[in-house]
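Trainee: Dropping in coords27.txt, with compact mmCIF, C-alpha atoms and all ligand atoms.
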```txt
# COMPACT_ATOMS: atom_id res chain seq x y z
CA MET A 6 -18.52 -29.13 -9.50
CA ILE A 7 -18.00 -25.49 -10.44
CA PHE A 8 -14.57 -24.33 -9.33
CA GLU A 9 -13.03 -20.85 -9.38
CA GLN A 10 -9.64 -19.83 -8.03
CA PHE A 11 -8.72 -16.27 -7.08
CA SER A 12 -5.24 -14.95 -6.42
CA VAL A 13 -4.09 -11.70 -4.86
CA GLY A 14 -0.60 -11.04 -3.55
CA GLY A 15 0.08 -14.78 -3.28
CA CYS A 16 -3.13 -15.43 -1.29
CA GLN A 17 -5.41 -17.98 -2.90
CA SER A 18 -9.15 -18.19 -2.38
CA TYR A 19 -11.65 -20.58 -3.88
CA LEU A 20 -15.28 -20.66 -4.88
CA ILE A 21 -16.76 -24.13 -5.18
CA GLY A 22 -20.29 -24.71 -6.31
CA CYS A 23 -22.75 -27.51 -6.98
CA ALA A 24 -23.86 -27.24 -10.62
CA ASP A 25 -27.21 -28.94 -9.86
CA SER A 26 -28.36 -26.86 -6.92
CA CYS A 27 -26.33 -23.66 -7.54
CA ALA A 28 -25.23 -23.67 -3.88
CA ALA A 29 -21.63 -22.59 -3.29
CA ALA A 30 -18.98 -22.05 -0.62
CA LEU A 31 -16.21 -19.47 -0.58
CA ILE A 32 -12.93 -20.54 1.03
CA ASP A 33 -10.43 -18.04 2.50
CA PRO A 34 -11.88 -14.87 0.93
CA GLU A 35 -9.67 -11.77 1.05
CA ILE A 36 -11.07 -8.34 1.70
CA SER A 37 -9.85 -6.61 -1.48
CA LEU A 38 -11.67 -9.16 -3.68
CA VAL A 39 -15.16 -8.88 -2.21
CA GLU A 40 -16.76 -7.46 -5.36
CA ARG A 41 -14.93 -9.96 -7.57
CA TYR A 42 -16.24 -12.93 -5.59
CA LEU A 43 -19.78 -11.66 -5.79
CA GLY A 44 -19.48 -10.88 -9.50
CA GLN A 45 -17.98 -14.31 -10.28
CA ALA A 46 -20.64 -16.14 -8.25
CA SER A 47 -23.33 -14.26 -10.20
CA ARG A 48 -21.69 -15.05 -13.55
CA ASP A 49 -21.55 -18.73 -12.58
CA GLY A 50 -25.17 -18.68 -11.43
CA LEU A 51 -24.11 -19.57 -7.90
CA ARG A 52 -25.48 -18.52 -4.53
CA ILE A 53 -22.82 -18.46 -1.82
CA ARG A 54 -24.15 -20.37 1.20
CA TYR A 55 -21.02 -20.67 3.35
CA LEU A 56 -18.01 -18.47 4.05
CA ILE A 57 -15.08 -20.48 5.33
CA ASP A 58 -11.67 -19.57 6.72
CA THR A 59 -9.27 -22.52 6.88
CA HIS A 60 -7.59 -20.86 9.88
CA THR A 61 -6.95 -17.52 11.62
CA HIS A 62 -4.90 -15.68 8.99
CA ALA A 63 -1.96 -13.59 10.17
CA ASP A 64 -0.96 -12.29 6.76
CA HIS A 65 -4.12 -11.14 5.01
CA PHE A 66 -7.47 -9.64 5.87
CA SER A 67 -10.32 -12.11 5.85
CA ALA A 68 -13.53 -11.01 4.13
CA THR A 69 -15.74 -13.63 5.77
CA GLN A 70 -17.35 -11.29 8.27
CA GLN A 71 -18.00 -8.48 5.77
CA LEU A 72 -19.49 -10.95 3.26
CA ALA A 73 -21.59 -12.59 5.98
CA ARG A 74 -23.22 -9.25 6.73
CA ARG A 75 -24.04 -8.74 3.05
CA LEU A 76 -25.14 -12.27 2.21
CA HIS A 77 -26.69 -13.32 5.55
CA VAL A 78 -24.94 -16.68 5.50
CA PRO A 79 -22.82 -18.42 8.15
CA VAL A 80 -19.07 -18.01 8.71
CA ALA A 81 -17.54 -21.44 9.25
CA MET A 82 -14.23 -22.08 11.01
CA HIS A 83 -12.79 -24.78 13.21
CA SER A 84 -14.26 -24.82 16.72
CA THR A 85 -10.96 -23.65 18.25
CA SER A 86 -11.03 -20.38 16.26
CA PRO A 87 -11.03 -17.35 18.56
CA ALA A 88 -13.07 -15.19 16.12
CA PRO A 89 -16.35 -14.10 17.77
CA PHE A 90 -18.12 -13.74 14.39
CA VAL A 91 -17.91 -17.45 13.57
CA THR A 92 -21.47 -18.75 13.45
CA LEU A 93 -20.75 -22.30 12.33
CA ALA A 94 -18.06 -24.02 14.40
CA LEU A 95 -16.74 -27.17 12.74
CA ASP A 96 -14.90 -30.18 14.13
CA ASP A 97 -12.84 -32.96 12.64
CA GLY A 98 -14.83 -35.52 10.66
CA GLU A 99 -17.81 -33.23 10.01
CA MET A 100 -19.13 -32.19 6.61
CA LEU A 101 -20.84 -29.22 5.04
CA ALA A 102 -23.49 -29.98 2.44
CA ILE A 103 -23.12 -27.62 -0.51
CA GLY A 104 -25.99 -28.83 -2.63
CA ASN A 105 -24.84 -32.28 -3.72
CA LEU A 106 -21.22 -31.66 -2.76
CA ARG A 107 -19.87 -32.78 0.59
CA LEU A 108 -17.03 -30.71 2.02
CA GLN A 109 -15.22 -32.78 4.64
CA VAL A 110 -13.37 -31.23 7.56
CA MET A 111 -9.96 -32.51 8.65
CA HIS A 112 -8.60 -30.71 11.72
CA THR A 113 -4.91 -30.22 10.96
CA PRO A 114 -3.38 -28.06 13.73
CA GLY A 115 0.24 -26.95 13.46
CA HIS A 116 0.40 -23.77 11.40
CA THR A 117 -2.26 -22.55 13.84
CA ARG A 118 -4.31 -24.43 16.42
CA ASP A 119 -7.49 -23.84 14.39
CA SER A 120 -6.14 -24.96 10.99
CA MET A 121 -8.28 -27.31 8.98
CA CYS A 122 -8.10 -28.89 5.54
CA LEU A 123 -11.25 -29.31 3.47
CA ARG A 124 -11.76 -32.24 1.12
CA VAL A 125 -14.25 -32.32 -1.71
CA GLU A 126 -14.31 -34.86 -4.53
CA ASP A 127 -10.83 -35.09 -6.10
CA ARG A 128 -9.19 -32.23 -4.20
CA VAL A 129 -8.22 -30.87 -0.81
CA PHE A 130 -8.01 -27.25 0.28
CA THR A 131 -5.01 -27.30 2.57
CA GLY A 132 -5.03 -23.75 3.96
CA ASP A 133 -1.51 -23.11 5.21
CA THR A 134 -1.00 -26.69 6.44
CA LEU A 135 0.57 -27.76 3.14
CA LEU A 136 1.76 -25.37 0.43
CA MET A 137 3.28 -26.20 -2.95
CA GLY A 138 6.90 -26.99 -2.15
CA ALA A 139 6.55 -25.77 1.46
CA THR A 140 4.40 -25.90 4.57
CA GLY A 141 2.82 -23.18 6.63
CA ARG A 142 5.15 -21.67 9.21
CA THR A 143 4.77 -22.64 12.87
CA ASP A 144 6.30 -19.61 14.59
CA LEU A 145 3.19 -17.40 14.67
CA PRO A 146 0.62 -17.39 17.52
CA SER A 147 -0.70 -20.91 18.31
CA GLY A 148 1.74 -22.54 15.83
CA ASP A 149 3.20 -25.92 16.84
CA PRO A 150 5.72 -27.81 14.66
CA GLY A 151 5.07 -31.16 16.39
CA ALA A 152 1.34 -30.84 15.73
CA LEU A 153 2.05 -29.89 12.10
CA TYR A 154 4.18 -33.02 11.66
CA GLU A 155 1.31 -35.20 12.88
CA SER A 156 -1.27 -33.33 10.80
CA LEU A 157 0.85 -33.81 7.69
CA PHE A 158 2.34 -37.28 8.06
CA ASP A 159 -0.46 -38.99 10.00
CA ARG A 160 -3.39 -37.35 8.20
CA LEU A 161 -3.05 -35.20 5.10
CA LEU A 162 -0.26 -37.03 3.28
CA ARG A 163 -2.14 -40.32 3.68
CA LEU A 164 -4.88 -39.15 1.34
CA ASP A 165 -5.04 -40.70 -2.13
CA PRO A 166 -1.77 -39.58 -3.82
CA ALA A 167 -3.76 -38.33 -6.83
CA THR A 168 -5.68 -35.83 -4.65
CA LYS A 169 -5.22 -32.28 -5.96
CA VAL A 170 -3.71 -29.85 -3.46
CA HIS A 171 -5.08 -26.30 -3.35
CA PRO A 172 -3.27 -24.23 -0.71
CA ALA A 173 -4.12 -20.79 0.73
CA HIS A 174 -0.83 -19.40 -0.63
CA GLU A 175 1.09 -19.75 -3.85
CA TYR A 176 3.68 -17.21 -4.96
CA LYS A 177 4.92 -18.78 -8.20
CA GLY A 178 1.73 -18.77 -10.24
CA ARG A 179 1.05 -22.54 -10.14
CA ASP A 180 -2.62 -23.36 -9.61
CA HIS A 181 -2.35 -26.70 -7.82
CA SER A 182 -0.23 -29.79 -7.21
CA THR A 183 -1.04 -33.26 -5.88
CA ILE A 184 -0.29 -35.17 -2.69
CA ALA A 185 2.05 -37.43 -4.72
CA GLN A 186 3.97 -34.47 -6.13
CA GLU A 187 4.37 -32.93 -2.69
CA LEU A 188 5.50 -36.21 -1.15
CA ALA A 189 8.14 -36.58 -3.86
CA GLN A 190 9.34 -32.99 -4.24
CA ASN A 191 8.40 -30.82 -1.28
CA PRO A 192 11.72 -30.17 0.52
CA ARG A 193 10.04 -29.76 3.92
CA LEU A 194 8.60 -33.26 3.71
CA GLN A 195 11.97 -34.94 3.08
CA VAL A 196 12.75 -35.44 6.78
CA GLU A 197 13.79 -38.51 8.72
CA ASP A 198 11.37 -38.19 11.59
CA ARG A 199 9.28 -35.93 13.82
CA SER A 200 12.21 -34.40 15.70
CA ALA A 201 14.08 -33.59 12.47
CA PHE A 202 10.93 -31.86 11.18
CA ILE A 203 10.58 -29.84 14.41
CA ASP A 204 14.26 -28.82 14.29
CA MET A 205 13.90 -27.73 10.67
CA MET A 206 10.74 -25.69 11.37
CA ARG A 207 12.38 -24.03 14.40
CA SER A 208 15.43 -23.00 12.39
CA LEU A 209 13.59 -21.36 9.48
CA ASN A 210 14.02 -17.81 10.81
CA LEU A 211 11.29 -16.28 8.63
CA LYS A 212 10.61 -12.59 8.75
CA MET A 213 7.27 -11.51 10.20
CA PRO A 214 4.45 -11.02 7.67
CA THR A 215 3.62 -7.39 6.93
CA HIS A 216 0.45 -6.20 8.68
CA ILE A 217 0.56 -9.15 11.11
CA THR A 218 -0.70 -7.09 14.06
CA GLU A 219 -3.56 -5.60 12.08
CA ALA A 220 -4.44 -8.93 10.43
CA LEU A 221 -4.58 -10.76 13.77
CA ARG A 222 -6.47 -7.89 15.41
CA THR A 223 -9.17 -7.82 12.74
CA ASN A 224 -9.33 -11.54 11.91
CA MET A 225 -9.54 -12.54 15.58
CA SER A 226 -11.92 -9.82 16.74
CA GLY A 227 -14.00 -8.99 13.69
CA GLY A 228 -12.85 -5.37 13.93
CA LYS A 229 -12.24 -3.19 10.91
CA THR A 230 -8.97 -2.59 9.10
CA VAL A 231 -7.69 0.96 8.56
CA ALA A 232 -8.33 0.49 4.82
CA GLN A 233 -11.95 -0.48 5.56
CA MET A 234 -12.47 2.57 7.79
CA LEU A 235 -11.10 4.78 5.00
CA ALA A 236 -13.11 3.05 2.27
CA GLU A 237 -16.32 3.50 4.25
CA ALA A 238 -15.57 7.18 4.85
CA THR A 239 -14.59 7.68 1.18
CA ALA A 240 -17.88 6.15 0.03
CA ASN A 241 -19.81 8.71 2.07
CA VAL A 242 -18.14 12.02 1.26
CA PRO A 243 -17.69 14.14 -1.87
CA PHE A 244 -14.22 15.44 -2.75
CA MET A 245 -12.79 18.64 -4.19
CA SER A 246 -9.63 18.74 -6.30
CA LEU A 247 -6.57 20.78 -5.32
CA ALA A 248 -6.95 22.99 -8.40
CA GLU A 249 -10.63 23.65 -7.71
CA LEU A 250 -9.91 24.63 -4.11
CA ARG A 251 -7.04 26.84 -5.19
CA SER A 252 -9.13 28.77 -7.70
CA ARG A 253 -12.03 29.12 -5.27
CA SER A 254 -9.79 30.19 -2.38
CA GLU A 255 -8.43 33.00 -4.55
CA SER A 256 -11.83 34.14 -5.77
CA GLN A 257 -13.58 37.12 -4.21
CA ALA A 258 -16.82 35.18 -4.07
CA ASN A 259 -15.35 32.33 -2.03
CA GLU A 260 -18.07 30.91 0.19
CA LEU A 261 -16.01 27.93 1.34
CA LEU A 262 -14.97 27.47 4.93
CA ILE A 263 -11.53 25.87 4.56
CA LEU A 264 -10.75 23.66 7.53
CA ASP A 265 -7.23 22.48 8.39
CA VAL A 266 -7.57 19.39 10.62
CA ARG A 267 -3.83 18.81 11.22
CA GLU A 268 -1.98 19.47 14.49
CA ARG A 269 -1.09 23.04 15.42
CA ASP A 270 2.62 22.93 14.48
CA ALA A 271 1.82 21.67 10.98
CA TYR A 272 -0.78 24.43 10.54
CA GLU A 273 1.64 27.12 11.71
CA LYS A 274 4.42 25.94 9.38
CA GLY A 275 2.20 26.47 6.35
CA HIS A 276 -1.52 26.39 5.63
CA ILE A 277 -3.92 27.38 2.87
CA SER A 278 -4.82 31.07 2.97
CA ALA A 279 -7.85 31.79 5.19
CA ALA A 280 -7.95 28.18 6.47
CA ARG A 281 -9.43 27.75 9.92
CA HIS A 282 -7.61 25.41 12.31
CA LEU A 283 -9.54 22.65 14.08
CA PRO A 284 -7.46 19.52 14.72
CA ARG A 285 -9.21 16.27 14.00
CA GLY A 286 -8.61 15.07 17.56
CA GLN A 287 -10.78 17.90 18.91
CA LEU A 288 -13.32 17.96 16.09
CA GLU A 289 -16.40 16.54 17.79
CA LEU A 290 -15.90 18.53 20.99
CA ARG A 291 -15.32 21.91 19.34
CA VAL A 292 -17.69 21.98 16.37
CA ASN A 293 -20.44 23.78 18.28
CA GLU A 294 -18.28 26.82 18.99
CA GLU A 295 -16.17 26.69 15.80
CA LEU A 296 -18.81 25.79 13.21
CA PRO A 297 -22.16 27.11 14.46
CA ASP A 298 -23.79 27.04 11.01
CA PRO A 299 -24.49 23.44 9.93
CA THR A 300 -25.41 24.60 6.41
CA CYS A 301 -22.00 26.13 5.69
CA ARG A 302 -19.93 24.75 2.86
CA ILE A 303 -16.79 23.19 4.38
CA VAL A 304 -13.73 21.72 2.69
CA ALA A 305 -11.46 19.82 5.08
CA TYR A 306 -7.82 19.04 4.43
CA CYS A 307 -4.91 17.34 6.19
CA GLU A 308 -1.39 16.29 5.21
CA PHE A 309 -2.14 13.30 2.96
CA GLY A 310 -5.91 13.34 2.46
CA ARG A 311 -6.79 10.41 4.70
CA ILE A 312 -7.45 12.04 8.08
CA SER A 313 -9.47 14.76 6.31
CA THR A 314 -11.64 12.07 4.69
CA LEU A 315 -12.37 10.56 8.10
CA ALA A 316 -12.98 14.06 9.54
CA THR A 317 -15.38 14.94 6.72
CA ALA A 318 -17.33 11.71 7.26
CA THR A 319 -17.59 12.64 10.95
CA LEU A 320 -18.75 16.17 10.09
CA ARG A 321 -21.45 14.73 7.81
CA GLN A 322 -22.57 12.36 10.56
CA MET A 323 -22.86 15.40 12.83
CA GLY A 324 -25.11 17.20 10.35
CA TYR A 325 -22.68 19.26 8.25
CA LEU A 326 -24.22 17.98 5.04
CA ARG A 327 -22.17 20.24 2.77
CA ALA A 328 -18.77 19.13 4.11
CA VAL A 329 -16.35 17.82 1.49
CA ALA A 330 -12.77 16.52 1.68
CA LEU A 331 -9.81 17.75 -0.32
CA ASP A 332 -8.72 15.09 -2.84
CA GLY A 333 -5.07 14.96 -1.79
CA GLY A 334 -3.47 16.82 1.07
CA MET A 335 -0.97 19.51 1.92
CA GLN A 336 1.89 17.38 0.66
CA ALA A 337 0.36 17.40 -2.84
CA TRP A 338 -0.56 21.09 -2.45
CA ARG A 339 3.09 21.99 -1.74
CA GLU A 340 4.34 19.75 -4.57
CA ALA A 341 1.99 21.54 -6.93
CA GLY A 342 3.65 24.82 -5.91
CA TYR A 343 0.38 26.30 -4.64
CA PRO A 344 0.59 29.23 -2.19
CA LEU A 345 0.96 28.77 1.56
CA VAL A 346 0.64 31.08 4.54
CA ALA A 347 2.69 30.55 7.70
CA GLY A 348 1.87 31.62 11.23
CA PRO A 349 -0.63 31.01 14.01
CA ALA A 350 -4.38 30.84 13.63
CA PRO A 351 -6.09 34.22 14.08
FE FE B 401 -1.83 -18.58 7.48
```
Written as structure tokens, how would this file's structure read?

Mentor:
Amino acid sequence: MIFEQFSVGGCQSYLIGCADSCAAALIDPEISLVERYLGQASRDGLRIRYLIDTHTHADHFSATQQLARRLHVPVAMHSTSPAPFVTLALDDGEMLAIGNLRLQVMHTPGHTRDSMCLRVEDRVFTGDTLLMGATGRTDLPSGDPGALYESLFDRLLRLDPATKVHPAHEYKGRDHSTIAQELAQNPRLQVEDRSAFIDMMRSLNLKMPTHITEALRTNMSGGKTVAQMLAEATANVPFMSLAELRSRSESQANELLILDVRERDAYEKGHISAARHLPRGQLELRVNEELPDPTCRIVAYCEFGRISTLATATLRQMGYLRAVALDGGMQAWREAGYPLVAGPAP
């Protein structure tokens, strides 16, 4: 078995491959590592055949859907997953054939209703059901401490004690543990009975994960994250530096149409000399009157450089093929001490 482990911000993902057939599966991929997964699979001579999420993640952005579009392979999750982009619904006791490897599904609800653990050879991928020295929390949507107790004590912890444990999270840099180690040392497993476990889980008082709303929105719906929207726009527009715009805006031969896409009050407080004002919210509806020449050279700016990137991508989609975005925004322009003009648009 070929085995690769990836770590980003405490999130663990895994590539497992059959050395004979070169077929592979990617477990719990995270969106910022997409190119790394593909590069590593190529280096290992593997072809990814399955993309698997062990559960609906509330704390990171799953890359399964984006990778499925690129690789044309199924996204596998437990059958209770709400995600509409799942094309391979799995149930307890089923297996995925990855060449000669057999990845066995154990439905282990508790952290979420759709949590599953995946066994292959000498190891088990536990998702957030069992972590090293902890368990997944049960206070997020569809969590259930009683169900987690049963999943752990009646199922997972009864595996061969030598089974290696590979969780979806690890914050201390360890790469795995074993069922025996967890049984002996994991403080959450040292409980008398089911009700003591439930009481302990209910009294944890954990703070909410950052980005929980966005993670659940995108992981449950297949929608895009803000970072994805920006990355797609960034990939499709050229940029101009602050210094370049400054020198061009001061030149007699300036042919640039400088476009301020912020709200009116921000424009009036201070804008780049000769900048036209067209707020991003009105862009599509006002371009015909404001920008009648689609061949004009436009440089768009905003406060931080993000909205102007999105606006420039929109302008390009609408046929302004010489629109570029300022690399940075008015905040950086002011910090650089570059000149500003106050007052209303002419
Ligand atoms: Fe989770």

Trainee: Mind listing the residues within 7 Å of ligand FE 401 (chain B), only C-alpha atoms and all ligand atoms counted, as a PyMOL selection string?

Mentor: chain A and resi 60-64+116+133+141

Trainee: Please measure the separation of CA of Met225 (chain A) and CA of Thr314 (chain A), giving the value in Å to one decimal.

Mentor: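 Atom-to-atom, CA of Met225 (chain A) to CA of Thr314 (chain A), that is 27.0 Å.
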
Trainee: Once 6 Å is added on each side, what are the centre and the three edge lengths, in Å to one decimal, of the axis-aligned box enclosing the listed atoms of region 164-169 of chain A? Present them as lines of an AutoDock Vina configuration file.

Mentor:
```
center_x = -3.7
center_y = -36.5
center_z = -2.7
size_x = 15.9
size_y = 20.4
size_z = 20.2
```

Trainee: One decimal, Å: what's the distance from CA of Asp265 (chain A) over to CA of Leu288 (chain A), could you say?

Mentor: 10.8 Å

Trainee: So which one's closest to Cys307 (chain A), A:Ala30, A:Leu221, A:Val80, A:Leu283? Using only C-alpha atoms, please.

Mentor: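 Going through A:Ala30, A:Leu221, A:Val80, A:Leu283 one by one, the smallest distance to Cys307 (chain A) is for A:Leu283.
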
Trainee: To one decimal place in Å, what is the distance between CA of Arg163 (chain A) and CA of Ala185 (chain A)?

Mentor: 9.8 Å

Trainee: Quick one: of A:Val231, A:Gly115, A:His174, A:Arg54, who's nearest to Val13 (chain A), counting only C-alpha atoms?

Mentor: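 Between A:Val231, A:Gly115, A:His174, A:Arg54, the residue approaching Val13 (chain A) most closely is A:His174.
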
Trainee: Check the smallest atom-to-atom distance from each of A:Gly228, A:Gly334, A:Pro299, A:Gly324 to His276 (chain A) using all atoms listed in the file, then report the winner.

Mentor: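 Closest candidate: A:Gly334.
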
Trainee: Identify the residues within 10 Å of coordinate (-16.6, -33.9, 10.0) (same frame as the file), considering only C-alpha atoms, and give the answer as number ranges by chain.

Mentor: A: 95-101, 108-112, 123

Trainee: Which of these, A:Leu250, A:Leu235, A:Ala280, A:Met205, has the shortest distance to Gly310 (chain A) once you count all atoms listed in the file?

Mentor: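 So, comparing all the options, the nearest one is A:Leu235.
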
Trainee: Could you list, as JSON, numbers by chain, every residue within 8 Å of Ala81 (chain A), counting only C-alpha atoms and ignoring same-chain residues fewer than 3 positions away?

Mentor: {"A": [55, 56, 57, 58, 91, 92, 93, 94, 95]}

Trainee: Keeping only C-alpha atoms, write those residues as a compact mmCIF listing (two decimals), in the coordinates of the input.

Mentor:
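Output file part-v1.txt is given in full below:
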```txt
# COMPACT_ATOMS: atom_id res chain seq x y z
CA TYR A 55 -21.02 -20.67 3.35
CA LEU A 56 -18.01 -18.47 4.05
CA ILE A 57 -15.08 -20.48 5.33
CA ASP A 58 -11.67 -19.57 6.72
CA VAL A 91 -17.91 -17.45 13.57
CA THR A 92 -21.47 -18.75 13.45
CA LEU A 93 -20.75 -22.30 12.33
CA ALA A 94 -18.06 -24.02 14.40
CA LEU A 95 -16.74 -27.17 12.74
```

Trainee: Taking all atoms listed in the file into account, which of A:Arg52, A:Arg339, A:Arg222, A:His216 comes nearest Gly275 (chain A)?

Mentor: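 The shortest atom-to-atom distance to Gly275 (chain A) comes from A:Arg339.
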
Trainee: Kindly provide, as a list in words, the polymer residues lying within 12 Å of (-3.3, -19.4, -10.2), counting only C-alpha atoms and using the coordinates exactly as they appear in the file.

Mentor: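 The requested residues, written out, are Glu9, Gln10, Phe11, Ser12, Val13, Gly14, Gly15, Cys16, Gln17, Ser18, Tyr19, Met137, His171, Pro172, Ala173, His174, Glu175, Tyr176, Lys177, Gly178, Arg179, Asp180, His181 and Ser182 of chain A.
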
Trainee: What's around Gln71 (chain A) at 10 Å? Count only C-alpha atoms, leave out sequence neighbours fewer than 5 positions away in its own chain, and write the answer as an MDAnalysis selection string.

Mentor: chainID A and resid 36 39 76:77 227 229

Trainee: In terms of the shortest atom-to-atom distance over all atoms listed in the file, which of A:Ser208, A:Thr317, A:Thr183, A:Ser37 is closest to Leu164 (chain A)?

Mentor: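 Using all atoms listed in the file, Leu164 (chain A) sits closest to A:Thr183.
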
Trainee: With only C-alpha atoms as the counted atoms, please give the residues lying no more than 9 Å from Val346 (chain A), apart from itself and same-chain residues fewer than 2 positions off, as a list in words.

Mentor: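 The residues satisfying every condition are Glu273, Lys274, Gly275, His276, Ile277, Ser278, Ala279, Pro344 and Gly348 of chain A.
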